[in-house]
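J.: What follows is a structure written as structure tokens; I'll ask about it next.
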Amino acid sequence: MKNNTDNCNGKMPSLRTFDFEKNVGGGTAVKCSRPMEKQLGRVSCLDTPCLVLDLDMLEGNLQKMQAVAKHAGKNLRPHAKTHKCSALARLQIEAGAIGVCVAKVSEAERLAKAGLANILITGPVVTQQKLGRLLAVRQTMPSLMLVVDHGDSVDWLSASMQAAGLTMDVLLDVDVGLKRSGVLPSDIPALAERVRSRPNLRLRGIQAYAGHVQHLRPYHERRTDSLQCLQQAVPIFRELKATIPTCDIFSASGTGTFDIDIAVPEVTELQVGSYVCMDTEYRGIGSAVDAAQFTAFAPALRVLTTVVSANHRGFVTVDAGLKSLYRDGGVPQVFAPPDAGLTYDWFGDEYGRITYSDPGAAPALGTVLELIPSHCDPTINLFDRFHLVREDSMIGEWPIDLRGCSQ
Ligand SMILES: Cc1ncc(COP(=O)(O)O)c(C=O)c1O
């Protein structure tokens, strides 16, 4: 296992001792004291709709994934496309990750600006504009890596690096079934040769992301399919590793298959993303121990929403709609109040409908509810900041500084 001292100046606070109250922006913890707004026993001094991160759960999720990776002898390179937050990426690195992944060059730009390093861009770069931006990031970050999936883009990347007198580390993107990007395993030797033959590029290994199996149910099918996907890349990686001394990275996996993929000895690092905050789509995929639920990671991310109209029997209207909750992966779940039989449904751009069957459970006008979003990544991208909460205290906030970085 590599260590991560490049990214945190040699300091590696364990999460157990990491002092959020001192280290996150926002300073002193604020106890919420307005009784009406505390009626659900949760922090709700905040204006709604807003995004909240439960720090106890977040810490637990980080520790758990880090411990699993460590125990399996794998590195962790979490995907920052999930949270789009440089402060959270830094925390993941301080907790032991060797770096982070991003999907787009603009995300790498923001993380570089925030002083982070060891970034892998997991999607292809094919235009001169993007190559120019990539080069600018590379100039400040020698540890930057990029995946490639076409001979032409290899040539363009090589020419761009050569003109600037720089080198670039690359991974070959192996398409193990997702068909979104990447080359088929049978075409990898030719692509590897292309990279090797071009100046200023250094072949570091492969990426094999099986995105299409991450949410597969039941668990045993997910397991079978994920292992089959990865097995397609194993002989290629072995061959590359045996012949190219710099080739030592096999980057793979996601939250849905993390505990499956660690069984593949050749995999060197996990690119998991959603585990850090979770969503209802993932919570419903089932696991090795529970066919219906996947509860290895806690729902640290919640959208707070207020009942703004309660004039009908059977339902109330809340202020979080499509502009606050990305409509993908089912419907959000009501996290608090718990066990009240409340269900969310879409009610237009600005509103949601909360239905109840027990009239005694009807949320009163002004009540603040907590929702678990159905799909975390695009929901986070709708907000400017995370509010950081521990029990009933607000600890501070983190800007979602990679928000909107889709270029
Ligand atoms: C290339 C790549 N790797 C890793 C991930 C992380 O996946 P998850 O959020 O399922 O952990 C994603 C997510 O879409 C991805 O696109």
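For the structure tokens, the naming scheme is as follows: chains receive sequential letters (A, B, ...) according to their order of presentation, residues are indexed from 1 within each chain, and ligands are indexed from 1 in presentation order.
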Could you pull out the residues sitting within 9 Å of ligand 1, using only C-alpha atoms and all ligand atoms, and write them as a ChimeraX atom specification?

T.: /A:78-82,101-103,121-123,207-211,214-215,251-258,270-276,278,282,376-377

J.: Would you write out those residues with N, CA and C atoms, as a CSV table (one decimal), in the first residue's frame?

T.:
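Result file out38.csv:
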chain,number,residue,atom,x,y,z
A,78,PRO,N,-11.1,7.2,-4.0
A,78,PRO,CA,-12.5,7.5,-4.1
A,78,PRO,C,-12.8,8.5,-5.2
A,79,HIS,N,-14.0,8.3,-5.7
A,79,HIS,CA,-14.4,9.2,-6.8
A,79,HIS,C,-15.1,10.5,-6.3
A,80,ALA,N,-14.4,11.6,-6.6
A,80,ALA,CA,-14.9,12.9,-6.1
A,80,ALA,C,-16.1,13.5,-6.9
A,81,LYS,N,-16.4,12.8,-8.0
A,81,LYS,CA,-17.6,13.2,-8.8
A,81,LYS,C,-18.8,13.1,-7.9
A,82,THR,N,-18.8,12.2,-6.9
A,82,THR,CA,-20.0,12.0,-6.1
A,82,THR,C,-20.3,13.3,-5.3
A,101,CYS,N,-10.4,10.2,-7.7
A,101,CYS,CA,-10.8,10.3,-9.1
A,101,CYS,C,-11.6,11.5,-9.3
A,102,VAL,N,-11.6,11.9,-10.6
A,102,VAL,CA,-12.6,12.9,-11.0
A,102,VAL,C,-13.1,12.4,-12.4
A,103,ALA,N,-14.3,12.9,-12.8
A,103,ALA,CA,-14.7,12.5,-14.2
A,103,ALA,C,-14.3,13.4,-15.2
A,121,ILE,N,-8.2,11.2,-13.7
A,121,ILE,CA,-9.4,11.6,-14.5
A,121,ILE,C,-9.9,10.3,-15.2
A,122,THR,N,-11.1,9.9,-14.9
A,122,THR,CA,-11.6,8.6,-15.3
A,122,THR,C,-12.3,8.6,-16.7
A,123,GLY,N,-12.4,9.8,-17.3
A,123,GLY,CA,-13.0,9.8,-18.6
A,123,GLY,C,-12.1,10.4,-19.7
A,207,GLN,N,-7.7,0.8,-16.2
A,207,GLN,CA,-9.0,1.1,-15.4
A,207,GLN,C,-10.0,0.1,-16.0
A,208,ALA,N,-10.8,-0.6,-15.2
A,208,ALA,CA,-11.8,-1.4,-15.6
A,208,ALA,C,-13.1,-1.2,-14.7
A,209,TYR,N,-13.9,-0.2,-15.1
A,209,TYR,CA,-15.0,0.1,-14.3
A,209,TYR,C,-16.3,-0.5,-14.8
A,210,ALA,N,-16.9,-1.4,-14.0
A,210,ALA,CA,-18.1,-2.1,-14.5
A,210,ALA,C,-19.3,-1.4,-13.9
A,211,GLY,N,-19.6,-0.2,-14.5
A,211,GLY,CA,-20.7,0.6,-13.9
A,211,GLY,C,-22.1,0.0,-14.1
A,214,GLN,N,-23.2,-2.2,-10.9
A,214,GLN,CA,-23.2,-1.7,-9.6
A,214,GLN,C,-24.5,-1.8,-8.8
A,215,HIS,N,-25.6,-1.6,-9.5
A,215,HIS,CA,-26.9,-1.7,-8.9
A,215,HIS,C,-27.7,-3.0,-9.1
A,251,SER,N,-7.2,-0.1,-11.6
A,251,SER,CA,-8.2,0.7,-10.9
A,251,SER,C,-9.6,0.2,-11.2
A,252,ALA,N,-10.4,-0.1,-10.3
A,252,ALA,CA,-11.7,-0.6,-10.6
A,252,ALA,C,-12.7,-0.4,-9.4
A,253,SER,N,-13.9,-0.9,-9.6
A,253,SER,CA,-14.9,-1.0,-8.6
A,253,SER,C,-15.8,0.2,-8.3
A,254,GLY,N,-16.8,0.0,-7.6
A,254,GLY,CA,-17.8,1.1,-7.2
A,254,GLY,C,-18.4,0.6,-5.9
A,255,THR,N,-19.3,1.4,-5.4
A,255,THR,CA,-19.9,1.2,-4.1
A,255,THR,C,-20.7,-0.2,-4.1
A,256,GLY,N,-21.3,-0.5,-5.2
A,256,GLY,CA,-22.2,-1.7,-5.2
A,256,GLY,C,-21.4,-3.0,-5.2
A,257,THR,N,-20.1,-2.9,-5.6
A,257,THR,CA,-19.3,-4.2,-5.7
A,257,THR,C,-18.0,-4.1,-4.9
A,258,PHE,N,-17.8,-3.1,-4.1
A,258,PHE,CA,-16.6,-3.0,-3.4
A,258,PHE,C,-16.1,-4.3,-2.6
A,270,LEU,N,-9.5,0.8,-5.5
A,270,LEU,CA,-11.0,0.9,-5.6
A,270,LEU,C,-11.3,2.4,-5.8
A,271,GLN,N,-12.2,2.6,-6.9
A,271,GLN,CA,-12.6,3.9,-7.2
A,271,GLN,C,-14.0,4.2,-6.8
A,272,VAL,N,-14.3,3.8,-5.6
A,272,VAL,CA,-15.7,4.0,-5.0
A,272,VAL,C,-16.1,5.4,-4.8
A,273,GLY,N,-17.4,5.7,-5.0
A,273,GLY,CA,-17.8,7.1,-4.9
A,273,GLY,C,-18.9,7.3,-3.9
A,274,SER,N,-20.1,6.7,-4.2
A,274,SER,CA,-21.3,7.0,-3.4
A,274,SER,C,-21.3,6.6,-1.9
A,275,TYR,N,-20.4,5.6,-1.6
A,275,TYR,CA,-20.3,5.1,-0.2
A,275,TYR,C,-20.3,6.2,0.8
A,276,VAL,N,-19.6,7.3,0.4
A,276,VAL,CA,-19.3,8.4,1.4
A,276,VAL,C,-20.6,9.0,1.9
A,278,MET,N,-24.1,8.0,0.4
A,278,MET,CA,-25.2,7.1,0.1
A,278,MET,C,-26.5,7.8,-0.4
A,282,TYR,N,-29.0,3.1,-3.9
A,282,TYR,CA,-28.0,2.2,-3.4
A,282,TYR,C,-28.5,1.4,-2.2
A,376,CYS,N,-27.4,10.4,-5.2
A,376,CYS,CA,-26.6,11.5,-4.5
A,376,CYS,C,-25.9,12.4,-5.4
A,377,ASP,N,-25.1,11.9,-6.4
A,377,ASP,CA,-24.3,12.7,-7.2
A,377,ASP,C,-25.0,13.9,-7.9

J.: Just the residues within 10 Å of A:Leu88, please, counting only C-alpha atoms, with nothing from its chain fewer than 5 positions along; format it as a compact mmCIF listing (two decimals) with N, CA and C atoms, in the first residue's frame.

T.:
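Produced file selection_4.txt, reproduced below:
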# COMPACT_ATOMS: atom_id res chain seq x y z
N VAL A 24 -13.06 22.05 10.08
CA VAL A 24 -13.94 22.46 9.00
C VAL A 24 -14.26 23.94 9.16
N LEU A 58 -20.80 10.20 8.23
CA LEU A 58 -19.75 10.39 7.23
C LEU A 58 -18.43 9.77 7.70
N ALA A 80 -14.41 11.62 -6.60
CA ALA A 80 -14.90 12.91 -6.09
C ALA A 80 -16.06 13.45 -6.93
N HIS A 83 -19.23 13.77 -4.55
CA HIS A 83 -19.49 14.86 -3.59
C HIS A 83 -19.08 16.24 -4.10
N ILE A 93 -8.45 11.77 1.74
CA ILE A 93 -7.01 11.52 1.63
C ILE A 93 -6.38 11.46 3.02
N GLU A 94 -6.81 12.35 3.88
CA GLU A 94 -6.27 12.33 5.24
C GLU A 94 -6.66 11.04 5.97
N VAL A 276 -19.63 7.33 0.44
CA VAL A 276 -19.34 8.38 1.41
C VAL A 276 -20.62 9.03 1.94
N TRP A 398 -19.24 23.21 4.19
CA TRP A 398 -18.23 23.05 3.14
C TRP A 398 -18.83 23.52 1.83
N PRO A 399 -18.12 24.36 1.09
CA PRO A 399 -18.62 24.70 -0.25
C PRO A 399 -18.54 23.50 -1.18
N ILE A 400 -19.55 23.34 -2.01
CA ILE A 400 -19.51 22.28 -3.04
C ILE A 400 -18.81 22.92 -4.24

J.: Could you list, as JSON, numbers by chain, every residue within 7 Å of A:Trp346, counting only C-alpha atoms and ignoring same-chain residues fewer than 6 positions away?

T.: {"A": [321, 352, 353]}

J.: Quick one: residues within 9 Å of stretch 159-173 of chain A, only C-alpha atoms, excluding same-chain residues fewer than 3 positions away - as a count of residues only?

T.: 45

J.: Out of A:Leu301, A:Asp47, A:Ala291, A:Val368, which residue has the shortest atom-to-atom distance to A:Val318 when counting only C-alpha atoms?

T.: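 When distances to A:Val318 are compared using only C-alpha atoms, the smallest one comes from A:Val368.
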
J.: Please give the complete set of residues from stretch 86-306 of chain A that DSSP, run on the backbone, assigns to strand (DSSP E or B), formatted as a PyMOL selection string.

T.: chain A and resi 100-102+119-121+145-148+168-174+183+201-208+249-252+269-270+301-306

J.: Would you save the residues from that selection as a short mmCIF file (atom, residue, chain, number, x, y, z; two decimals), in the first residue's frame, using C-alpha atoms?

T.:
data_model
loop_
_atom_site.label_atom_id
_atom_site.label_comp_id
_atom_site.auth_asym_id
_atom_site.auth_seq_id
_atom_site.Cartn_x
_atom_site.Cartn_y
_atom_site.Cartn_z
CA VAL A 100 -9.09 10.79 -5.72
CA CYS A 101 -10.75 10.25 -9.08
CA VAL A 102 -12.64 12.87 -11.05
CA ILE A 119 -5.84 12.81 -9.21
CA LEU A 120 -7.04 10.30 -11.81
CA ILE A 121 -9.36 11.60 -14.54
CA MET A 145 -3.25 10.66 -14.42
CA LEU A 146 -5.69 10.23 -17.27
CA VAL A 147 -7.40 7.27 -18.92
CA VAL A 148 -7.15 6.80 -22.69
CA MET A 168 1.85 12.29 -18.49
CA ASP A 169 0.87 9.07 -16.73
CA VAL A 170 -1.95 7.18 -18.40
CA LEU A 171 -4.19 4.20 -17.71
CA LEU A 172 -5.81 2.19 -20.49
CA ASP A 173 -9.58 2.25 -20.11
CA VAL A 174 -10.79 -1.34 -20.56
CA VAL A 183 -11.71 -0.34 -25.52
CA LEU A 201 3.51 9.23 -22.07
CA ARG A 202 4.05 6.69 -19.32
CA LEU A 203 1.80 3.65 -19.15
CA ARG A 204 0.83 3.04 -15.53
CA GLY A 205 -1.87 0.39 -15.87
CA ILE A 206 -5.57 -0.07 -16.54
CA GLN A 207 -8.99 1.08 -15.45
CA ALA A 208 -11.84 -1.45 -15.63
CA ILE A 249 -2.20 0.06 -11.36
CA PHE A 250 -5.50 -1.82 -11.81
CA SER A 251 -8.18 0.68 -10.87
CA ALA A 252 -11.73 -0.64 -10.56
CA GLU A 269 -7.26 0.24 -6.09
CA LEU A 270 -10.96 0.93 -5.58
CA LEU A 301 -26.49 12.94 3.09
CA ARG A 302 -29.91 14.45 3.60
CA VAL A 303 -32.04 17.19 2.11
CA LEU A 304 -33.93 19.23 4.70
CA THR A 305 -37.35 20.37 3.54
CA THR A 306 -40.20 22.30 5.20
#

J.: Residues at most 8 Å from A:Phe335, counting only C-alpha atoms, excluding those fewer than 3 positions away in the same chain, as a ChimeraX atom specification?

T.: /A:338,369-372

J.: If we count only C-alpha atoms and set the cut-off at 9 Å, which residues sit around A:His220, ignoring sequence neighbours fewer than 3 positions away in its own chain? Please answer as an MDAnalysis selection string.

T.: chainID A and resid 217 223:225 287:288

J.: Choose the residue, out of A:Ala117, A:Leu382, A:Val267, A:Ala87, that has the smallest atom-to-atom separation from A:Gly404; count only C-alpha atoms.

T.: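 Of the candidates, the smallest distance to A:Gly404 is held by A:Leu382.
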
J.: One decimal, Å: what's the distance from atom CA of A:Ile262 over to atom CA of A:Ala69, could you say?

T.: 7.5 Å

J.: Can you tell me which residues surround A:Ser324 at a distance of at most 9 Å, considering only C-alpha atoms, apart from same-chain residues fewer than 5 positions away, and format the answer as a VMD selection string?

T.: chain A and resid 49 to 51 303 319 349 to 351 379 to 380 382 to 383

J.: Hey, can you spit out that residue selection with C-alpha atoms as a tab-separated table (two decimals), in the first residue's frame?

T.:
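Listed below is the output, selection-v5.tsv:
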chain	number	residue	atom	x	y	z
A	49	PRO	CA	-34.35	23.25	1.14
A	50	CYS	CA	-30.71	22.60	1.99
A	51	LEU	CA	-28.19	19.83	2.00
A	303	VAL	CA	-32.04	17.19	2.11
A	319	ASP	CA	-40.54	22.92	-0.43
A	349	ASP	CA	-40.07	21.84	-9.85
A	350	GLU	CA	-40.29	23.48	-6.44
A	351	TYR	CA	-42.38	21.11	-4.32
A	379	THR	CA	-28.57	15.97	-6.18
A	380	ILE	CA	-25.38	17.35	-4.63
A	382	LEU	CA	-27.89	21.19	-7.29
A	383	PHE	CA	-26.52	22.87	-4.14

J.: Out of A:Val289, A:Leu55, A:Val125, A:Leu111, which residue has the shortest atom-to-atom distance to A:Arg403 when counting only C-alpha atoms?

T.: A:Leu111

J.: For the structure I just gave you, how does DSSP split stretch 92-297 of chain A - specifically, which residues are helix (DSSP H, G or I)? Reply as a short mmCIF file (atom, residue, chain, number, x, y, z; two decimals) with N, CA and C atoms, in the first residue's frame.

T.:
data_model
loop_
_atom_site.label_atom_id
_atom_site.label_comp_id
_atom_site.auth_asym_id
_atom_site.auth_seq_id
_atom_site.Cartn_x
_atom_site.Cartn_y
_atom_site.Cartn_z
N GLN A 92 -10.89 12.55 2.75
CA GLN A 92 -10.72 11.15 2.30
C GLN A 92 -9.24 10.81 2.22
N ILE A 93 -8.45 11.77 1.74
CA ILE A 93 -7.01 11.52 1.63
C ILE A 93 -6.38 11.46 3.02
N GLU A 94 -6.81 12.35 3.88
CA GLU A 94 -6.27 12.33 5.24
C GLU A 94 -6.66 11.04 5.97
N VAL A 105 -12.11 17.20 -16.60
CA VAL A 105 -10.92 18.05 -16.43
C VAL A 105 -11.24 19.24 -15.52
N SER A 106 -12.43 19.81 -15.68
CA SER A 106 -12.77 20.99 -14.86
C SER A 106 -12.80 20.65 -13.36
N GLU A 107 -13.14 19.40 -13.04
CA GLU A 107 -13.11 18.99 -11.62
C GLU A 107 -11.65 18.92 -11.14
N ALA A 108 -10.79 18.41 -12.02
CA ALA A 108 -9.36 18.35 -11.66
C ALA A 108 -8.80 19.76 -11.45
N GLU A 109 -9.25 20.70 -12.28
CA GLU A 109 -8.79 22.09 -12.13
C GLU A 109 -9.12 22.62 -10.73
N ARG A 110 -10.35 22.37 -10.31
CA ARG A 110 -10.77 22.90 -8.99
C ARG A 110 -10.00 22.23 -7.85
N LEU A 111 -9.79 20.92 -7.98
CA LEU A 111 -9.07 20.23 -6.90
C LEU A 111 -7.61 20.68 -6.86
N ALA A 112 -7.05 20.91 -8.04
CA ALA A 112 -5.66 21.40 -8.09
C ALA A 112 -5.58 22.77 -7.42
N LYS A 113 -6.59 23.60 -7.70
CA LYS A 113 -6.62 24.94 -7.10
C LYS A 113 -6.71 24.85 -5.58
N GLN A 128 -8.84 19.81 -28.43
CA GLN A 128 -7.69 20.68 -28.17
C GLN A 128 -7.96 21.57 -26.95
N GLN A 129 -9.20 22.04 -26.84
CA GLN A 129 -9.55 22.89 -25.68
C GLN A 129 -9.28 22.16 -24.37
N LYS A 130 -9.77 20.93 -24.32
CA LYS A 130 -9.61 20.14 -23.09
C LYS A 130 -8.14 19.79 -22.86
N LEU A 131 -7.44 19.49 -23.96
CA LEU A 131 -6.03 19.15 -23.80
C LEU A 131 -5.26 20.34 -23.23
N GLY A 132 -5.65 21.55 -23.66
CA GLY A 132 -5.01 22.75 -23.14
C GLY A 132 -5.25 22.89 -21.64
N ARG A 133 -6.49 22.63 -21.23
CA ARG A 133 -6.82 22.74 -19.80
C ARG A 133 -6.13 21.64 -19.00
N LEU A 134 -6.08 20.45 -19.61
CA LEU A 134 -5.39 19.32 -18.96
C LEU A 134 -3.92 19.65 -18.72
N LEU A 135 -3.32 20.21 -19.75
CA LEU A 135 -1.90 20.57 -19.67
C LEU A 135 -1.66 21.57 -18.53
N ALA A 136 -2.56 22.54 -18.42
CA ALA A 136 -2.41 23.54 -17.36
C ALA A 136 -2.46 22.87 -15.98
N VAL A 137 -3.34 21.88 -15.82
CA VAL A 137 -3.41 21.18 -14.52
C VAL A 137 -2.13 20.37 -14.32
N ARG A 138 -1.71 19.68 -15.39
CA ARG A 138 -0.51 18.84 -15.30
C ARG A 138 0.73 19.66 -14.92
N GLN A 139 0.76 20.93 -15.40
CA GLN A 139 1.92 21.77 -15.09
C GLN A 139 2.08 21.97 -13.59
N THR A 140 0.96 21.93 -12.86
CA THR A 140 1.07 22.12 -11.40
C THR A 140 1.00 20.80 -10.64
N GLY A 151 -6.47 5.32 -30.05
CA GLY A 151 -5.13 5.62 -30.55
C GLY A 151 -4.97 7.09 -30.91
N ASP A 152 -6.01 7.70 -31.47
CA ASP A 152 -5.90 9.11 -31.86
C ASP A 152 -5.73 10.01 -30.63
N SER A 153 -6.52 9.74 -29.61
CA SER A 153 -6.38 10.61 -28.43
C SER A 153 -5.03 10.39 -27.75
N VAL A 154 -4.48 9.20 -27.89
CA VAL A 154 -3.12 8.96 -27.39
C VAL A 154 -2.14 9.87 -28.13
N ASP A 155 -2.29 9.95 -29.45
CA ASP A 155 -1.39 10.79 -30.25
C ASP A 155 -1.53 12.26 -29.87
N TRP A 156 -2.79 12.70 -29.74
CA TRP A 156 -3.02 14.12 -29.41
C TRP A 156 -2.44 14.46 -28.04
N LEU A 157 -2.66 13.55 -27.09
CA LEU A 157 -2.14 13.77 -25.74
C LEU A 157 -0.61 13.82 -25.75
N SER A 158 -0.02 12.89 -26.48
CA SER A 158 1.43 12.83 -26.56
C SER A 158 1.99 14.11 -27.17
N ALA A 159 1.36 14.57 -28.26
CA ALA A 159 1.85 15.79 -28.93
C ALA A 159 1.76 16.99 -27.99
N SER A 160 0.65 17.05 -27.25
CA SER A 160 0.44 18.17 -26.34
C SER A 160 1.50 18.18 -25.23
N MET A 161 1.79 17.01 -24.68
CA MET A 161 2.78 16.92 -23.60
C MET A 161 4.19 17.20 -24.14
N GLN A 162 4.45 16.67 -25.32
CA GLN A 162 5.78 16.86 -25.92
C GLN A 162 6.04 18.35 -26.18
N ALA A 163 5.02 19.03 -26.70
CA ALA A 163 5.19 20.46 -27.00
C ALA A 163 5.51 21.25 -25.73
N ALA A 164 4.98 20.79 -24.61
CA ALA A 164 5.20 21.50 -23.35
C ALA A 164 6.40 20.95 -22.58
N PRO A 185 -11.24 -5.61 -24.38
CA PRO A 185 -10.01 -6.24 -23.91
C PRO A 185 -9.11 -6.70 -25.06
N SER A 186 -9.72 -7.19 -26.15
CA SER A 186 -8.89 -7.70 -27.26
C SER A 186 -8.11 -6.58 -27.96
N ASP A 187 -8.56 -5.33 -27.81
CA ASP A 187 -7.85 -4.22 -28.46
C ASP A 187 -6.82 -3.54 -27.55
N ILE A 188 -6.72 -4.03 -26.34
CA ILE A 188 -5.80 -3.39 -25.38
C ILE A 188 -4.33 -3.52 -25.80
N PRO A 189 -3.86 -4.68 -26.28
CA PRO A 189 -2.44 -4.75 -26.64
C PRO A 189 -2.03 -3.69 -27.67
N ALA A 190 -2.88 -3.46 -28.67
CA ALA A 190 -2.55 -2.45 -29.68
C ALA A 190 -2.52 -1.05 -29.07
N LEU A 191 -3.48 -0.78 -28.18
CA LEU A 191 -3.50 0.55 -27.55
C LEU A 191 -2.29 0.73 -26.63
N ALA A 192 -1.94 -0.34 -25.94
CA ALA A 192 -0.77 -0.28 -25.06
C ALA A 192 0.48 0.03 -25.88
N GLU A 193 0.59 -0.60 -27.03
CA GLU A 193 1.74 -0.39 -27.90
C GLU A 193 1.78 1.05 -28.39
N ARG A 194 0.60 1.56 -28.73
CA ARG A 194 0.51 2.96 -29.18
C ARG A 194 1.04 3.91 -28.10
N VAL A 195 0.61 3.67 -26.87
CA VAL A 195 1.08 4.53 -25.76
C VAL A 195 2.59 4.40 -25.61
N ARG A 196 3.06 3.18 -25.66
CA ARG A 196 4.50 2.95 -25.46
C ARG A 196 5.34 3.60 -26.55
N SER A 197 4.75 3.66 -27.76
CA SER A 197 5.53 4.18 -28.89
C SER A 197 5.53 5.71 -28.94
N GLY A 211 -19.61 -0.21 -14.45
CA GLY A 211 -20.70 0.62 -13.95
C GLY A 211 -22.07 -0.02 -14.09
N HIS A 212 -22.21 -0.87 -15.10
CA HIS A 212 -23.52 -1.46 -15.39
C HIS A 212 -23.93 -2.53 -14.38
N VAL A 213 -23.02 -2.97 -13.53
CA VAL A 213 -23.40 -4.01 -12.55
C VAL A 213 -23.53 -3.47 -11.13
N TYR A 219 -27.81 -9.82 -4.88
CA TYR A 219 -26.37 -9.70 -4.61
C TYR A 219 -25.55 -10.76 -5.34
N HIS A 220 -26.05 -12.02 -5.33
CA HIS A 220 -25.22 -13.08 -5.91
C HIS A 220 -25.05 -12.89 -7.42
N GLU A 221 -26.07 -12.28 -8.07
CA GLU A 221 -25.90 -11.99 -9.51
C GLU A 221 -24.91 -10.86 -9.71
N ARG A 222 -25.00 -9.87 -8.84
CA ARG A 222 -24.04 -8.76 -8.92
C ARG A 222 -22.62 -9.29 -8.75
N ARG A 223 -22.50 -10.22 -7.82
CA ARG A 223 -21.19 -10.79 -7.54
C ARG A 223 -20.65 -11.54 -8.76
N THR A 224 -21.50 -12.42 -9.31
CA THR A 224 -21.08 -13.21 -10.46
C THR A 224 -20.69 -12.29 -11.63
N ASP A 225 -21.56 -11.31 -11.91
CA ASP A 225 -21.31 -10.45 -13.07
C ASP A 225 -20.08 -9.56 -12.88
N SER A 226 -19.94 -9.04 -11.68
CA SER A 226 -18.78 -8.15 -11.47
C SER A 226 -17.47 -8.92 -11.61
N LEU A 227 -17.45 -10.12 -11.03
CA LEU A 227 -16.22 -10.91 -11.13
C LEU A 227 -15.94 -11.30 -12.58
N GLN A 228 -17.01 -11.62 -13.32
CA GLN A 228 -16.81 -11.94 -14.75
C GLN A 228 -16.24 -10.74 -15.50
N CYS A 229 -16.78 -9.57 -15.20
CA CYS A 229 -16.28 -8.34 -15.86
C CYS A 229 -14.79 -8.16 -15.58
N LEU A 230 -14.44 -8.23 -14.30
CA LEU A 230 -13.05 -7.98 -13.93
C LEU A 230 -12.12 -9.06 -14.49
N GLN A 231 -12.62 -10.29 -14.55
CA GLN A 231 -11.78 -11.38 -15.07
C GLN A 231 -11.37 -11.13 -16.52
N GLN A 232 -12.21 -10.36 -17.26
CA GLN A 232 -11.83 -10.05 -18.64
C GLN A 232 -10.55 -9.21 -18.70
N ALA A 233 -10.36 -8.41 -17.66
CA ALA A 233 -9.20 -7.51 -17.66
C ALA A 233 -7.98 -8.11 -16.99
N VAL A 234 -8.17 -9.18 -16.22
CA VAL A 234 -7.06 -9.74 -15.45
C VAL A 234 -5.89 -10.22 -16.31
N PRO A 235 -6.13 -11.04 -17.37
CA PRO A 235 -4.98 -11.50 -18.17
C PRO A 235 -4.23 -10.35 -18.84
N ILE A 236 -4.99 -9.33 -19.25
CA ILE A 236 -4.36 -8.16 -19.89
C ILE A 236 -3.43 -7.47 -18.90
N PHE A 237 -3.95 -7.28 -17.70
CA PHE A 237 -3.15 -6.59 -16.70
C PHE A 237 -1.89 -7.38 -16.36
N ARG A 238 -2.09 -8.69 -16.22
CA ARG A 238 -0.91 -9.54 -15.90
C ARG A 238 0.16 -9.40 -16.98
N GLU A 239 -0.28 -9.43 -18.22
CA GLU A 239 0.65 -9.34 -19.35
C GLU A 239 1.37 -7.99 -19.35
N LEU A 240 0.59 -6.93 -19.17
CA LEU A 240 1.20 -5.59 -19.17
C LEU A 240 2.20 -5.45 -18.02
N LYS A 241 1.78 -5.94 -16.88
CA LYS A 241 2.63 -5.83 -15.68
C LYS A 241 3.94 -6.59 -15.86
N ALA A 242 3.84 -7.73 -16.54
CA ALA A 242 5.03 -8.55 -16.73
C ALA A 242 6.00 -7.92 -17.72
N THR A 243 5.47 -7.12 -18.64
CA THR A 243 6.36 -6.60 -19.70
C THR A 243 6.71 -5.13 -19.55
N PHE A 258 -17.85 -3.13 -4.07
CA PHE A 258 -16.55 -2.99 -3.37
C PHE A 258 -16.15 -4.26 -2.64
N ASP A 259 -17.15 -4.91 -2.00
CA ASP A 259 -16.83 -6.09 -1.18
C ASP A 259 -16.67 -7.35 -2.04
N ILE A 260 -17.01 -7.22 -3.31
CA ILE A 260 -16.87 -8.34 -4.26
C ILE A 260 -15.50 -8.23 -4.94
N ASP A 261 -15.20 -7.03 -5.41
CA ASP A 261 -14.01 -6.82 -6.24
C ASP A 261 -12.70 -6.95 -5.45
N SER A 274 -20.08 6.66 -4.15
CA SER A 274 -21.31 6.97 -3.40
C SER A 274 -21.26 6.57 -1.93
N TYR A 275 -20.37 5.63 -1.58
CA TYR A 275 -20.34 5.12 -0.20
C TYR A 275 -20.25 6.23 0.82
N VAL A 276 -19.63 7.33 0.44
CA VAL A 276 -19.34 8.38 1.41
C VAL A 276 -20.62 9.03 1.94
N THR A 280 -30.91 6.46 -1.75
CA THR A 280 -31.90 5.38 -1.62
C THR A 280 -31.73 4.33 -2.71
N GLU A 281 -31.23 4.76 -3.86
CA GLU A 281 -31.03 3.80 -4.95
C GLU A 281 -30.04 2.71 -4.50
N TYR A 282 -28.95 3.13 -3.88
CA TYR A 282 -27.98 2.16 -3.38
C TYR A 282 -28.50 1.39 -2.18
N ARG A 283 -29.27 2.06 -1.33
CA ARG A 283 -29.74 1.37 -0.13
C ARG A 283 -30.70 0.23 -0.45
#

J.: Using only C-alpha atoms, find the one residue out of A:Pro373, A:Gly286, A:Gly329, A:Gly96 that sits nearest to A:Pro299.

T.: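 Using only C-alpha atoms, A:Pro299 sits closest to A:Pro373.
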